[in-house]
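Source file: entry-v6.txt. Holds: compact mmCIF, N, CA and C atoms.
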```
# COMPACT_ATOMS: atom_id res chain seq x y z
N MET A 341 -6.70 21.21 -4.65
CA MET A 341 -5.97 20.02 -4.30
C MET A 341 -4.76 19.91 -5.23
N SER A 342 -3.60 19.67 -4.65
CA SER A 342 -2.37 19.62 -5.44
C SER A 342 -2.23 18.27 -6.16
N PHE A 343 -1.31 18.23 -7.10
CA PHE A 343 -1.04 17.01 -7.85
C PHE A 343 -0.61 15.87 -6.92
N ARG A 344 0.24 16.18 -5.96
CA ARG A 344 0.75 15.13 -5.07
C ARG A 344 -0.33 14.62 -4.11
N GLU A 345 -1.25 15.48 -3.72
CA GLU A 345 -2.36 15.01 -2.90
C GLU A 345 -3.30 14.13 -3.70
N LYS A 346 -3.58 14.51 -4.94
CA LYS A 346 -4.40 13.66 -5.81
C LYS A 346 -3.71 12.33 -6.04
N SER A 347 -2.40 12.37 -6.22
CA SER A 347 -1.63 11.15 -6.40
C SER A 347 -1.73 10.25 -5.17
N ALA A 348 -1.67 10.84 -4.00
CA ALA A 348 -1.80 10.06 -2.76
C ALA A 348 -3.19 9.44 -2.66
N TRP A 349 -4.22 10.19 -3.05
CA TRP A 349 -5.57 9.64 -3.03
C TRP A 349 -5.70 8.44 -3.97
N VAL A 350 -5.17 8.59 -5.17
CA VAL A 350 -5.24 7.50 -6.15
C VAL A 350 -4.54 6.26 -5.62
N THR A 351 -3.35 6.43 -5.06
CA THR A 351 -2.60 5.28 -4.56
C THR A 351 -3.31 4.64 -3.37
N LEU A 352 -3.83 5.45 -2.47
CA LEU A 352 -4.52 4.92 -1.30
C LEU A 352 -5.75 4.11 -1.70
N ILE A 353 -6.57 4.65 -2.57
CA ILE A 353 -7.78 3.95 -2.99
C ILE A 353 -7.43 2.67 -3.76
N THR A 354 -6.43 2.76 -4.62
CA THR A 354 -6.02 1.58 -5.38
C THR A 354 -5.49 0.49 -4.46
N LEU A 355 -4.67 0.87 -3.48
CA LEU A 355 -4.15 -0.12 -2.53
C LEU A 355 -5.27 -0.81 -1.76
N ILE A 356 -6.22 -0.03 -1.28
CA ILE A 356 -7.30 -0.60 -0.48
C ILE A 356 -8.17 -1.54 -1.32
N VAL A 357 -8.56 -1.10 -2.50
CA VAL A 357 -9.45 -1.91 -3.35
C VAL A 357 -8.76 -3.20 -3.79
N LEU A 358 -7.52 -3.10 -4.26
CA LEU A 358 -6.83 -4.31 -4.72
C LEU A 358 -6.46 -5.24 -3.57
N SER A 359 -6.19 -4.68 -2.41
CA SER A 359 -5.88 -5.53 -1.24
C SER A 359 -7.11 -6.31 -0.80
N ILE A 360 -8.25 -5.67 -0.82
CA ILE A 360 -9.48 -6.37 -0.47
C ILE A 360 -9.79 -7.44 -1.50
N ALA A 361 -9.60 -7.12 -2.78
CA ALA A 361 -9.85 -8.11 -3.83
C ALA A 361 -8.90 -9.30 -3.69
N PHE A 362 -7.64 -9.04 -3.36
CA PHE A 362 -6.69 -10.14 -3.17
C PHE A 362 -7.04 -10.95 -1.93
N ALA A 363 -7.41 -10.28 -0.85
CA ALA A 363 -7.72 -10.98 0.40
C ALA A 363 -8.93 -11.89 0.26
N LEU A 364 -9.84 -11.54 -0.63
CA LEU A 364 -11.00 -12.40 -0.84
C LEU A 364 -10.63 -13.71 -1.52
N HIS A 365 -9.46 -13.77 -2.14
CA HIS A 365 -9.02 -14.98 -2.83
C HIS A 365 -8.09 -15.85 -2.00
N VAL A 366 -7.67 -15.37 -0.82
CA VAL A 366 -6.78 -16.17 0.02
C VAL A 366 -7.60 -17.29 0.67
N PRO A 367 -7.21 -18.55 0.45
CA PRO A 367 -7.98 -19.65 1.02
C PRO A 367 -7.75 -19.78 2.52
N GLN A 368 -8.78 -19.77 3.28
CA GLN A 368 -8.78 -19.96 4.72
C GLN A 368 -7.74 -19.12 5.44
N PRO A 369 -7.84 -17.79 5.36
CA PRO A 369 -6.82 -16.96 6.01
C PRO A 369 -6.90 -17.01 7.53
N TRP A 370 -8.04 -17.39 8.08
CA TRP A 370 -8.19 -17.41 9.53
C TRP A 370 -7.42 -18.54 10.19
N THR A 371 -7.03 -19.55 9.42
CA THR A 371 -6.29 -20.67 10.02
C THR A 371 -4.80 -20.41 10.07
N LEU A 372 -4.31 -19.38 9.41
CA LEU A 372 -2.88 -19.07 9.29
C LEU A 372 -2.12 -20.19 8.60
N ARG A 373 -2.85 -21.08 7.92
CA ARG A 373 -2.23 -22.18 7.18
C ARG A 373 -2.79 -22.26 5.77
N PRO A 374 -2.70 -21.17 5.00
CA PRO A 374 -3.19 -21.27 3.64
C PRO A 374 -2.34 -22.22 2.81
N ALA A 375 -3.00 -22.90 1.91
CA ALA A 375 -2.29 -23.87 1.08
C ALA A 375 -1.52 -23.17 -0.03
N SER A 376 -0.41 -23.77 -0.40
CA SER A 376 0.38 -23.24 -1.50
C SER A 376 -0.27 -23.68 -2.80
N SER A 377 -0.50 -22.73 -3.69
CA SER A 377 -1.09 -23.09 -4.97
C SER A 377 -0.63 -22.10 -6.03
N PRO A 378 -0.49 -22.57 -7.26
CA PRO A 378 -0.11 -21.65 -8.33
C PRO A 378 -1.18 -20.60 -8.59
N PHE A 379 -2.43 -20.92 -8.24
CA PHE A 379 -3.52 -19.97 -8.42
C PHE A 379 -3.27 -18.69 -7.63
N MET A 380 -2.79 -18.83 -6.40
CA MET A 380 -2.54 -17.66 -5.56
C MET A 380 -1.41 -16.81 -6.13
N PHE A 381 -0.40 -17.45 -6.70
CA PHE A 381 0.68 -16.68 -7.32
C PHE A 381 0.14 -15.88 -8.50
N HIS A 382 -0.74 -16.49 -9.28
CA HIS A 382 -1.31 -15.81 -10.43
C HIS A 382 -2.22 -14.65 -9.99
N VAL A 383 -2.95 -14.85 -8.91
CA VAL A 383 -3.81 -13.77 -8.40
C VAL A 383 -2.94 -12.62 -7.90
N LEU A 384 -1.85 -12.93 -7.20
CA LEU A 384 -0.94 -11.90 -6.73
C LEU A 384 -0.30 -11.17 -7.90
N LEU A 385 0.12 -11.89 -8.90
CA LEU A 385 0.71 -11.27 -10.08
C LEU A 385 -0.30 -10.38 -10.80
N LEU A 386 -1.54 -10.84 -10.90
CA LEU A 386 -2.60 -10.04 -11.51
C LEU A 386 -2.86 -8.77 -10.71
N ALA A 387 -2.84 -8.88 -9.39
CA ALA A 387 -3.06 -7.70 -8.54
C ALA A 387 -1.93 -6.68 -8.72
N ILE A 388 -0.70 -7.15 -8.83
CA ILE A 388 0.44 -6.25 -9.02
C ILE A 388 0.35 -5.55 -10.38
N VAL A 389 0.02 -6.31 -11.41
CA VAL A 389 -0.12 -5.72 -12.75
C VAL A 389 -1.27 -4.72 -12.77
N ALA A 390 -2.38 -5.07 -12.14
CA ALA A 390 -3.52 -4.15 -12.09
C ALA A 390 -3.15 -2.87 -11.34
N PHE A 391 -2.39 -3.01 -10.27
CA PHE A 391 -1.96 -1.84 -9.50
C PHE A 391 -1.11 -0.91 -10.37
N VAL A 392 -0.16 -1.48 -11.08
CA VAL A 392 0.72 -0.67 -11.92
C VAL A 392 -0.07 0.02 -13.04
N VAL A 393 -0.96 -0.72 -13.67
CA VAL A 393 -1.75 -0.14 -14.77
C VAL A 393 -2.65 0.98 -14.26
N ILE A 394 -3.33 0.74 -13.15
CA ILE A 394 -4.23 1.77 -12.60
C ILE A 394 -3.43 3.01 -12.20
N GLU A 395 -2.29 2.81 -11.56
CA GLU A 395 -1.46 3.94 -11.14
C GLU A 395 -0.99 4.75 -12.34
N VAL A 396 -0.49 4.09 -13.36
CA VAL A 396 0.04 4.81 -14.53
C VAL A 396 -1.08 5.58 -15.23
N VAL A 397 -2.20 4.93 -15.47
CA VAL A 397 -3.31 5.61 -16.15
C VAL A 397 -3.83 6.78 -15.32
N ALA A 398 -4.00 6.58 -14.03
CA ALA A 398 -4.53 7.64 -13.17
C ALA A 398 -3.56 8.82 -13.10
N HIS A 399 -2.27 8.55 -13.00
CA HIS A 399 -1.31 9.64 -12.92
C HIS A 399 -1.20 10.40 -14.25
N VAL A 400 -1.34 9.69 -15.35
CA VAL A 400 -1.33 10.38 -16.64
C VAL A 400 -2.55 11.28 -16.75
N VAL A 401 -3.70 10.80 -16.33
CA VAL A 401 -4.92 11.61 -16.38
C VAL A 401 -4.80 12.83 -15.47
N ILE A 402 -4.28 12.63 -14.27
CA ILE A 402 -4.10 13.75 -13.34
C ILE A 402 -3.11 14.76 -13.92
N ALA A 403 -2.03 14.27 -14.51
CA ALA A 403 -1.02 15.16 -15.08
C ALA A 403 -1.55 15.93 -16.29
N ILE A 404 -2.46 15.33 -17.04
CA ILE A 404 -3.05 16.03 -18.19
C ILE A 404 -3.90 17.21 -17.72
N PHE A 405 -4.62 17.04 -16.62
CA PHE A 405 -5.49 18.10 -16.14
C PHE A 405 -4.74 19.20 -15.38
N SER A 406 -3.56 18.90 -14.88
CA SER A 406 -2.76 19.94 -14.21
C SER A 406 -1.28 19.74 -14.54
N PRO A 407 -0.88 20.06 -15.78
CA PRO A 407 0.49 19.78 -16.20
C PRO A 407 1.54 20.62 -15.47
N ARG A 408 1.22 21.85 -15.15
CA ARG A 408 2.20 22.70 -14.47
C ARG A 408 2.46 22.20 -13.05
N ASP A 409 1.40 21.79 -12.37
CA ASP A 409 1.55 21.28 -11.01
C ASP A 409 2.29 19.94 -10.99
N ALA A 410 2.11 19.14 -12.03
CA ALA A 410 2.76 17.83 -12.09
C ALA A 410 4.27 17.95 -12.30
N ARG A 411 4.69 19.00 -13.02
CA ARG A 411 6.11 19.19 -13.30
C ARG A 411 6.83 19.98 -12.23
N ALA A 412 6.10 20.58 -11.32
CA ALA A 412 6.72 21.41 -10.28
C ALA A 412 7.53 20.53 -9.32
N PRO A 413 8.71 20.99 -8.94
CA PRO A 413 9.51 20.22 -7.97
C PRO A 413 8.87 20.29 -6.59
N LYS A 414 9.22 19.32 -5.76
CA LYS A 414 8.69 19.30 -4.39
C LYS A 414 9.27 20.46 -3.60
N ASP A 415 8.40 21.12 -2.85
CA ASP A 415 8.90 22.17 -1.99
C ASP A 415 9.21 21.57 -0.61
N GLU A 416 9.64 22.41 0.31
CA GLU A 416 10.04 21.93 1.64
C GLU A 416 8.88 21.30 2.38
N ARG A 417 7.70 21.88 2.25
CA ARG A 417 6.52 21.34 2.92
C ARG A 417 6.20 19.94 2.43
N GLU A 418 6.24 19.74 1.13
CA GLU A 418 5.93 18.42 0.57
C GLU A 418 6.99 17.39 0.96
N ARG A 419 8.25 17.80 1.02
CA ARG A 419 9.30 16.87 1.46
C ARG A 419 9.13 16.51 2.92
N LEU A 420 8.75 17.48 3.75
CA LEU A 420 8.52 17.21 5.16
C LEU A 420 7.33 16.26 5.35
N ILE A 421 6.27 16.48 4.60
CA ILE A 421 5.10 15.60 4.66
C ILE A 421 5.50 14.17 4.28
N GLU A 422 6.26 14.04 3.21
CA GLU A 422 6.71 12.73 2.76
C GLU A 422 7.57 12.04 3.82
N LEU A 423 8.50 12.77 4.41
CA LEU A 423 9.38 12.18 5.42
C LEU A 423 8.63 11.75 6.67
N LYS A 424 7.69 12.60 7.13
CA LYS A 424 6.94 12.25 8.34
C LYS A 424 6.05 11.04 8.11
N SER A 425 5.42 10.97 6.95
CA SER A 425 4.54 9.83 6.69
C SER A 425 5.33 8.54 6.48
N ILE A 426 6.48 8.62 5.83
CA ILE A 426 7.32 7.43 5.65
C ILE A 426 7.86 6.95 6.98
N ALA A 427 8.23 7.87 7.87
CA ALA A 427 8.75 7.48 9.17
C ALA A 427 7.71 6.72 9.99
N ALA A 428 6.47 7.21 9.98
CA ALA A 428 5.41 6.53 10.71
C ALA A 428 5.12 5.17 10.09
N ALA A 429 5.11 5.11 8.76
CA ALA A 429 4.84 3.84 8.07
C ALA A 429 5.96 2.83 8.33
N ALA A 430 7.17 3.29 8.49
CA ALA A 430 8.28 2.37 8.77
C ALA A 430 8.11 1.69 10.12
N TYR A 431 7.65 2.44 11.12
CA TYR A 431 7.39 1.83 12.43
C TYR A 431 6.25 0.82 12.34
N VAL A 432 5.22 1.15 11.60
CA VAL A 432 4.09 0.22 11.43
C VAL A 432 4.57 -1.06 10.75
N TYR A 433 5.36 -0.91 9.69
CA TYR A 433 5.87 -2.08 8.97
C TYR A 433 6.78 -2.94 9.85
N ALA A 434 7.67 -2.30 10.60
CA ALA A 434 8.58 -3.06 11.46
C ALA A 434 7.81 -3.84 12.51
N PHE A 435 6.84 -3.19 13.14
CA PHE A 435 6.07 -3.87 14.18
C PHE A 435 5.23 -5.02 13.60
N LEU A 436 4.53 -4.76 12.50
CA LEU A 436 3.66 -5.79 11.94
C LEU A 436 4.44 -6.95 11.33
N SER A 437 5.55 -6.67 10.68
CA SER A 437 6.31 -7.77 10.08
C SER A 437 6.97 -8.62 11.16
N LEU A 438 7.44 -7.99 12.22
CA LEU A 438 8.00 -8.77 13.33
C LEU A 438 6.90 -9.61 13.99
N SER A 439 5.72 -9.02 14.14
CA SER A 439 4.59 -9.78 14.70
C SER A 439 4.19 -10.93 13.79
N SER A 440 4.33 -10.74 12.49
CA SER A 440 3.99 -11.80 11.54
C SER A 440 4.90 -13.00 11.72
N VAL A 441 6.17 -12.76 11.97
CA VAL A 441 7.12 -13.86 12.16
C VAL A 441 6.77 -14.65 13.42
N PHE A 442 6.29 -13.97 14.45
CA PHE A 442 5.95 -14.66 15.69
C PHE A 442 4.70 -15.52 15.57
N THR A 443 3.95 -15.40 14.48
CA THR A 443 2.77 -16.25 14.33
C THR A 443 3.15 -17.70 14.07
N ILE A 444 4.42 -17.96 13.79
CA ILE A 444 4.88 -19.36 13.65
C ILE A 444 4.62 -20.11 14.95
N HIS A 445 4.74 -19.42 16.08
CA HIS A 445 4.50 -20.06 17.38
C HIS A 445 3.03 -20.39 17.61
N PHE A 446 2.16 -19.83 16.79
CA PHE A 446 0.73 -20.10 16.91
C PHE A 446 0.24 -21.03 15.81
N GLY A 447 1.15 -21.66 15.09
CA GLY A 447 0.77 -22.67 14.13
C GLY A 447 0.75 -22.23 12.68
N ALA A 448 1.26 -21.05 12.38
CA ALA A 448 1.26 -20.60 10.99
C ALA A 448 2.36 -21.31 10.21
N ASN A 449 2.09 -21.58 8.94
CA ASN A 449 3.14 -22.15 8.09
C ASN A 449 3.86 -21.03 7.34
N GLN A 450 4.81 -21.40 6.51
CA GLN A 450 5.62 -20.40 5.81
C GLN A 450 4.77 -19.56 4.85
N ILE A 451 3.81 -20.18 4.21
CA ILE A 451 2.94 -19.44 3.28
C ILE A 451 2.12 -18.41 4.05
N GLY A 452 1.61 -18.81 5.19
CA GLY A 452 0.83 -17.89 6.03
C GLY A 452 1.66 -16.72 6.51
N VAL A 453 2.90 -16.98 6.90
CA VAL A 453 3.78 -15.90 7.34
C VAL A 453 4.09 -14.97 6.17
N GLY A 454 4.30 -15.54 4.99
CA GLY A 454 4.54 -14.72 3.81
C GLY A 454 3.37 -13.80 3.51
N TYR A 455 2.14 -14.33 3.61
CA TYR A 455 0.95 -13.50 3.39
C TYR A 455 0.86 -12.40 4.45
N LEU A 456 1.18 -12.74 5.70
CA LEU A 456 1.11 -11.74 6.76
C LEU A 456 2.16 -10.65 6.59
N ILE A 457 3.35 -11.01 6.11
CA ILE A 457 4.37 -10.00 5.86
C ILE A 457 3.95 -9.11 4.69
N LEU A 458 3.36 -9.72 3.67
CA LEU A 458 2.82 -8.92 2.56
C LEU A 458 1.73 -7.99 3.07
N LEU A 459 0.86 -8.49 3.93
CA LEU A 459 -0.19 -7.67 4.51
C LEU A 459 0.39 -6.53 5.34
N SER A 460 1.46 -6.80 6.08
CA SER A 460 2.07 -5.75 6.89
C SER A 460 2.66 -4.65 6.00
N PHE A 461 3.23 -5.04 4.86
CA PHE A 461 3.74 -4.04 3.92
C PHE A 461 2.60 -3.20 3.36
N ILE A 462 1.50 -3.84 3.01
CA ILE A 462 0.36 -3.12 2.45
C ILE A 462 -0.26 -2.17 3.48
N VAL A 463 -0.39 -2.64 4.72
CA VAL A 463 -0.93 -1.78 5.77
C VAL A 463 -0.01 -0.59 6.02
N ALA A 464 1.30 -0.82 5.99
CA ALA A 464 2.25 0.28 6.18
C ALA A 464 2.13 1.30 5.05
N GLU A 465 1.94 0.84 3.82
CA GLU A 465 1.77 1.78 2.71
C GLU A 465 0.44 2.52 2.80
N ILE A 466 -0.59 1.86 3.27
CA ILE A 466 -1.87 2.54 3.48
C ILE A 466 -1.72 3.62 4.55
N VAL A 467 -0.99 3.32 5.61
CA VAL A 467 -0.72 4.32 6.65
C VAL A 467 0.09 5.47 6.06
N ASN A 468 1.08 5.15 5.24
CA ASN A 468 1.91 6.16 4.60
C ASN A 468 1.06 7.15 3.80
N TYR A 469 0.24 6.65 2.91
CA TYR A 469 -0.55 7.53 2.05
C TYR A 469 -1.70 8.19 2.79
N ALA A 470 -2.26 7.53 3.79
CA ALA A 470 -3.31 8.16 4.59
C ALA A 470 -2.74 9.33 5.39
N LEU A 471 -1.53 9.17 5.92
CA LEU A 471 -0.90 10.27 6.63
C LEU A 471 -0.52 11.41 5.70
N ARG A 472 -0.10 11.09 4.49
CA ARG A 472 0.19 12.16 3.53
C ARG A 472 -1.06 12.99 3.27
N ILE A 473 -2.17 12.31 3.05
CA ILE A 473 -3.43 13.02 2.80
C ILE A 473 -3.81 13.84 4.03
N TYR A 474 -3.64 13.25 5.20
CA TYR A 474 -3.95 13.97 6.45
C TYR A 474 -3.11 15.23 6.57
N TYR A 475 -1.81 15.11 6.33
CA TYR A 475 -0.92 16.28 6.44
C TYR A 475 -1.22 17.31 5.38
N TYR A 476 -1.55 16.88 4.16
CA TYR A 476 -1.92 17.86 3.13
C TYR A 476 -3.20 18.59 3.52
N ARG A 477 -4.17 17.86 4.04
CA ARG A 477 -5.44 18.46 4.44
C ARG A 477 -5.28 19.37 5.65
N ARG A 478 -4.39 18.97 6.54
CA ARG A 478 -4.16 19.75 7.74
C ARG A 478 -3.48 21.07 7.43
N GLY A 479 -2.79 21.11 6.30
CA GLY A 479 -2.09 22.32 5.93
C GLY A 479 -0.72 22.39 6.56
N PHE A 480 -0.15 21.24 6.81
CA PHE A 480 1.13 21.15 7.49
C PHE A 480 2.25 21.56 6.60
```

Rewrite the coordinates I just gave you, this time as structure tokens.
Amino acid sequence: MSFREKSAWVTLITLIVLSIAFALHVPQPWTLRPASSPFMFHVLLLAIVAFVVIEVVAHVVIAIFSPRDARAPKDERERLIELKSIAAAAYVYAFLSLSSVFTIHFGANQIGVGYLILLSFIVAEIVNYALRIYYYRRGF
């Protein structure tokens, strides 16, 4: 397994775990009218800091175990994998974020739309890294 595939695994798992942890703290997400509170901002800030710390520590550990692979420049295959996965994730993000804005017609408030746009970004990044792993595994 290459350094970039390990990196994609780390990012994918971290995104999923922290997103689930954050979603468990959103008050009444099914109503699309979550209340504005400083607590939610602090939880979001904590999730972002935790994401950065986990990513940095994991990438340092991965780079220690394979230093030559970590310093190697991206080849054509890796650039193609990155471009294809980003392109698919961009369509997912555009569709989900536009759909999030339309939830205003179903009674969502601004906070709810903000959470849904954040969720659409997270889902798009999960698609991005899942496709990278798929393409690396496929041998593309």

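Coordinates place atom CA of A:Ser440 at a distance of 5.5 Å from atom N of A:Ile457.
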
Distance in Å - atom CA of A:Trp349 versus atom CA of A:Tyr455 | 24.9 Å

So which residues are close to (3.0, -9.5, 4.3), meaning at most 12 Å away in the file's coordinates with only C-alpha atoms counted, and can you show them as a PyMOL selection string?
-> chain A and resi 359+363+384+433-441+450-465

For A:Ala428, work out the shell of residues within 6.5 Å, counting only N, CA and C atoms and skipping chain neighbours fewer than 5 positions away, then give it as a PDB file with N, CA and C atoms, keeping the file's coordinate frame.
```pdb
ATOM      1  N   LEU A 423       8.500  12.770   4.410  1.00  0.00           N
ATOM      2  CA  LEU A 423       9.380  12.180   5.420  1.00  0.00           C
ATOM      3  C   LEU A 423       8.630  11.750   6.670  1.00  0.00           C
ATOM      4  N   TYR A 433       5.360  -0.910   9.690  1.00  0.00           N
ATOM      5  CA  TYR A 433       5.870  -2.080   8.970  1.00  0.00           C
ATOM      6  C   TYR A 433       6.780  -2.940   9.850  1.00  0.00           C
ATOM      7  N   VAL A 467      -0.990   3.320   5.610  1.00  0.00           N
ATOM      8  CA  VAL A 467      -0.720   4.320   6.650  1.00  0.00           C
ATOM      9  C   VAL A 467       0.090   5.470   6.060  1.00  0.00           C
ATOM     10  N   ASN A 468       1.080   5.150   5.240  1.00  0.00           N
ATOM     11  CA  ASN A 468       1.910   6.160   4.600  1.00  0.00           C
ATOM     12  C   ASN A 468       1.060   7.150   3.800  1.00  0.00           C
TER      13      ASN A 468
END
```

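Remark: residues at most 6 Å from position (-5.8, 5.8, 1.1) in file coordinates are Trp349, Leu352, Ile353, Ile466, Tyr469 and Ala470 of chain A, using only C-alpha atoms.
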
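Each of A:Lys346, A:Arg477, A:Arg472, A:His445 was compared to A:Ile402 using all atoms listed in the file, and A:Lys346 turns out to be the nearest.
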
Could you pull out the alpha helix (DSSP H) residues of chain A from DSSP and send them as a ChimeraX atom specification?
-> /A:343-363,378-405,407-411,416-441,450-478
